[in-house]
There are 2 protein chains.
Amino acid sequence: MASTILIYEDNTRLRQSLELLLSEGSGFDVVGAFPDCDDAEGQVGRLQPEMVVMDIDMPGIGGIEGVRVIKSNFPEVKVIMHTVFDDDNRIFECICAGADGYLLKNTSPVKFIQSLEELGEGGAPMSPFIAQKVFQHFRQQNIIAESFNLTGREKEILEHLVKGNSYKMIADKCAVSVDTVKKHLQNIYHKLHVSCGTEAVAKALQHKIIRLD
Amino acid sequence: MASTILIYEDNTRLRQSLELLLSEGSGFDVVGAFPDCDDAEGQVGRLQPEMVVMDIDMPGIGGIEGVRVIKSNFPEVKVIMHTVFDDDNRIFECICAGADGYLLKNTSPVKFIQSLEELGEGGAPMSPFIAQKVFQHFRQQNIIAESFNLTGREKEILEHLVKGNSYKMIADKCAVSVDTVKKHLQNIYHKLHVSCGTEAVAKALQHKIIRLD
DNA sequence: TGATCTATTACCCGATTGTGTAATTGACAG
DNA sequence: CTGTCAATTACACAATCGGGTAATAGATCA
């Protein structure tokens, strides 16, 4: 039986092309196609599609908000992004908004159909380029600290700082004088090329010099 | 021209099946197939494959270490995992170790070939189930946030703080007085249940209230 | 319309932070 | 054995931070 599909795409010709592609015995049934998703909640509720194809750049609330709306009201509906945007921010925002897949608009009709089938089977189809970005992002989250040549003691003190301790508290925990802590932190700031504690904390966490669990 | 492939798979029958699948006019050329990857560095160096198919559960150093070794010595060689394991830890460890793709062993021969082609084109092919896990993980990494009820202005000011600005600098950037900034931060500290700027920065980054690129 | 929330400014005051300079000790390398 | 480096302490001084208190204005909500 054919899977029901709802399309959001503001470009009229492309929208019609998609409708055509998903008509004739493709195994899909387009139950609606709109140029914007300002009433996504109503439309999805009324038309009960199993999947939604969602453009990003549309007049009105735009596709990312669209996904969010649909997913928060109908979590079981599969939403796949279909867009020209391939920048990291947009990709990750969509995924976090609840998108189940991400296809670039240069995807061939054959691949497009395959992807929708995969979507129906519970997969998370994405264009090769997107998949690569996702993997990259994963790795970046876990690179080993770029060594700023901090000494053991310096790392120890920085860690206390990151955990919210004042100079005095650090001094106590390390059993040294406040002046020593002050000196160490001064050296640390130089090594990290920062000028204050907050910046140092940000850099330490960003570069995973210190990790919080 | 055929892409050169190296296979690591300890199950003899499966290894031979893969060799067979990738032989006859498939567009691939198997330049080696071994039951373990203890000498991956030497073998990859000698055989110069473009891609490596890597099992995980093998005698000796195992596939995950294998990927790490190959990727750190030959970053340009594409490595795709081929395994029965579908647990989160194993998946993410492989990705972080540098794997370029991840296929489960229930993948059909057709999909397997397609995936290797996609791998050659710079993609990151993965089984639907894996893709879904990856997306899920992404979302989990990025939920938490909201619960602190920071107002828009507060988030804005917190962001400046995280980026290393002093009260005075923030005041300038936001075009308000230092006292206003001070007041906002005071409120922010209360909402985040922290007592100083460094702690607030740590919490903001930890809970992804603010994200640094 | 009155209550609440957000954003804003102001002032006081003590505590903390950050810089500079200087000196001592022990460890380790050349 | 001499120089370098990590770790340590000390002191002085300026700047910044953080708390408390209070007040105004606009927006939103009930």
# chains A, B, ... in the order shown; residues from 1 in each chain; ligands from 1

call {"tool": "interface_residues", "arguments": {"of": "chain D", "to": "chain A", "cutoff": "12 Å", "atoms": "only C-alpha atoms (C1' of nucleotides)", "output": "PyMOL selection string"}}
result
chain D and resi 5-11+16-17

call {"tool": "residues_around", "arguments": {"residues": "Lys203 of chain A", "least_positions_apart": "3", "cutoff": "10 Å", "atoms": "only C-alpha atoms (C1' of nucleotides)", "output": "ChimeraX atom specification"}}
result
/A:192-194,197-200,206-210 /B:162-164,212

call {"tool": "write_last_selection", "arguments": {"atoms": "C-alpha atoms", "output": "PDB file, in the first residue's frame"}}
result
ATOM      1  CA  LEU A 192      45.819  29.979  26.388  1.00  0.00           C
ATOM      2  CA  HIS A 193      46.057  33.481  24.951  1.00  0.00           C
ATOM      3  CA  VAL A 194      43.188  34.755  27.048  1.00  0.00           C
ATOM      4  CA  GLY A 197      39.091  33.542  33.963  1.00  0.00           C
ATOM      5  CA  THR A 198      35.820  33.291  32.107  1.00  0.00           C
ATOM      6  CA  GLU A 199      37.595  33.223  28.783  1.00  0.00           C
ATOM      7  CA  ALA A 200      39.964  30.584  30.074  1.00  0.00           C
ATOM      8  CA  GLN A 206      35.840  24.240  24.027  1.00  0.00           C
ATOM      9  CA  HIS A 207      39.191  22.587  23.414  1.00  0.00           C
ATOM     10  CA  LYS A 208      38.434  19.818  25.872  1.00  0.00           C
ATOM     11  CA  ILE A 209      41.505  20.597  27.930  1.00  0.00           C
ATOM     12  CA  ILE A 210      39.173  19.999  30.825  1.00  0.00           C
TER      13      ILE A 210
ATOM     14  CA  VAL B 162      31.140  33.180  27.550  1.00  0.00           C
ATOM     15  CA  LYS B 163      33.061  34.782  24.724  1.00  0.00           C
ATOM     16  CA  GLY B 164      35.367  36.383  27.240  1.00  0.00           C
ATOM     17  CA  LEU B 212      30.717  28.169  20.628  1.00  0.00           C
TER      18      LEU B 212
END

call {"tool": "select_by_dssp", "arguments": {"residues": "segment 63-168 of chain B", "states": "helix (DSSP H, G or I)", "output": "PyMOL selection string"}}
result
chain B and resi 63-73+88-97+109-120+128-141+145-148+152-162+167-168

call {"tool": "calpha_fit_rmsd", "arguments": {"fixed": "chain B", "moving": "chain A"}}
result
4.1 Å

call {"tool": "interface_residues", "arguments": {"of": "chain A", "to": "chain C", "cutoff": "9 Å", "atoms": "only C-alpha atoms (C1' of nucleotides)", "output": "PDB file with N, CA, C and O atoms, in the first residue's frame"}}
result
ATOM      1  N   SER A 166      36.815  29.729  43.458  1.00  0.00           N
ATOM      2  CA  SER A 166      37.515  31.008  43.501  1.00  0.00           C
ATOM      3  C   SER A 166      38.996  30.732  43.756  1.00  0.00           C
ATOM      4  O   SER A 166      39.365  29.612  44.086  1.00  0.00           O
ATOM      5  N   TYR A 167      39.804  31.772  43.604  1.00  0.00           N
ATOM      6  CA  TYR A 167      41.237  31.624  43.854  1.00  0.00           C
ATOM      7  C   TYR A 167      41.473  31.012  45.237  1.00  0.00           C
ATOM      8  O   TYR A 167      42.297  30.112  45.409  1.00  0.00           O
ATOM      9  N   LYS A 182      47.265  32.411  41.966  1.00  0.00           N
ATOM     10  CA  LYS A 182      47.194  33.600  41.127  1.00  0.00           C
ATOM     11  C   LYS A 182      48.277  33.569  40.050  1.00  0.00           C
ATOM     12  O   LYS A 182      48.021  33.816  38.874  1.00  0.00           O
ATOM     13  N   GLN A 186      47.878  33.164  36.042  1.00  0.00           N
ATOM     14  CA  GLN A 186      48.456  34.174  35.160  1.00  0.00           C
ATOM     15  C   GLN A 186      49.202  33.481  34.012  1.00  0.00           C
ATOM     16  O   GLN A 186      49.054  33.844  32.845  1.00  0.00           O
ATOM     17  N   SER A 195      42.592  36.547  28.539  1.00  0.00           N
ATOM     18  CA  SER A 195      42.945  37.600  29.476  1.00  0.00           C
ATOM     19  C   SER A 195      42.143  37.557  30.779  1.00  0.00           C
ATOM     20  O   SER A 195      42.339  38.389  31.646  1.00  0.00           O
ATOM     21  N   CYS A 196      41.241  36.593  30.888  1.00  0.00           N
ATOM     22  CA  CYS A 196      40.539  36.493  32.157  1.00  0.00           C
ATOM     23  C   CYS A 196      40.015  35.082  32.381  1.00  0.00           C
ATOM     24  O   CYS A 196      40.061  34.240  31.486  1.00  0.00           O
ATOM     25  N   GLY A 197      39.530  34.865  33.571  1.00  0.00           N
ATOM     26  CA  GLY A 197      39.091  33.542  33.963  1.00  0.00           C
ATOM     27  C   GLY A 197      37.970  32.975  33.125  1.00  0.00           C
ATOM     28  O   GLY A 197      38.013  31.817  32.719  1.00  0.00           O
TER      29      GLY A 197
END

call {"tool": "interface_residues", "arguments": {"of": "chain B", "to": "chain A", "cutoff": "9 Å", "atoms": "only C-alpha atoms", "output": "JSON, numbers by chain"}}
result
{"B": [92, 95, 96, 97, 98, 99, 100, 101, 118, 119, 121, 122, 123, 124, 125, 126, 127, 128, 129, 130, 131, 132, 133, 134, 135, 136, 138, 139, 140, 141, 142, 143, 161, 162, 163, 164, 165, 166, 194, 195, 196, 197, 198, 199, 200, 201, 202, 205, 206, 212, 213]}

call {"tool": "residues_around", "arguments": {"residues": "Asp10 of chain B", "least_positions_apart": "6", "cutoff": "8 Å", "atoms": "only C-alpha atoms (C1' of nucleotides)", "output": "list in words"}}
result
Phe34, Pro35, Asp36, Asp55, Asp57, Met58 and Pro59 of chain B

call {"tool": "atom_distance", "arguments": {"atom1": "atom CA of Ile61 of chain A", "atom2": "atom CA of Ser3 of chain A"}}
result
26.4 Å

call {"tool": "select_by_dssp", "arguments": {"residues": "segment 26-210 of chain B", "states": "strand (DSSP E or B)", "output": "PyMOL selection string"}}
result
chain B and resi 28-34+51-54+78-83+101-104+126

call {"tool": "atom_distance", "arguments": {"atom1": "atom CA of Asn106 of chain A", "atom2": "atom CA of Asn11 of chain A"}}
result
14.8 Å

call {"tool": "atom_distance", "arguments": {"atom1": "atom CA of Gly27 of chain B", "atom2": "atom CA of Gln114 of chain A"}}
result
21.7 Å

call {"tool": "residues_around", "arguments": {"residues": "Gly60 of chain A", "least_positions_apart": "3", "cutoff": "12 Å", "atoms": "only C-alpha atoms (C1' of nucleotides)", "output": "PyMOL selection string"}}
result
chain A and resi 8-10+35-40+56-57+63-66
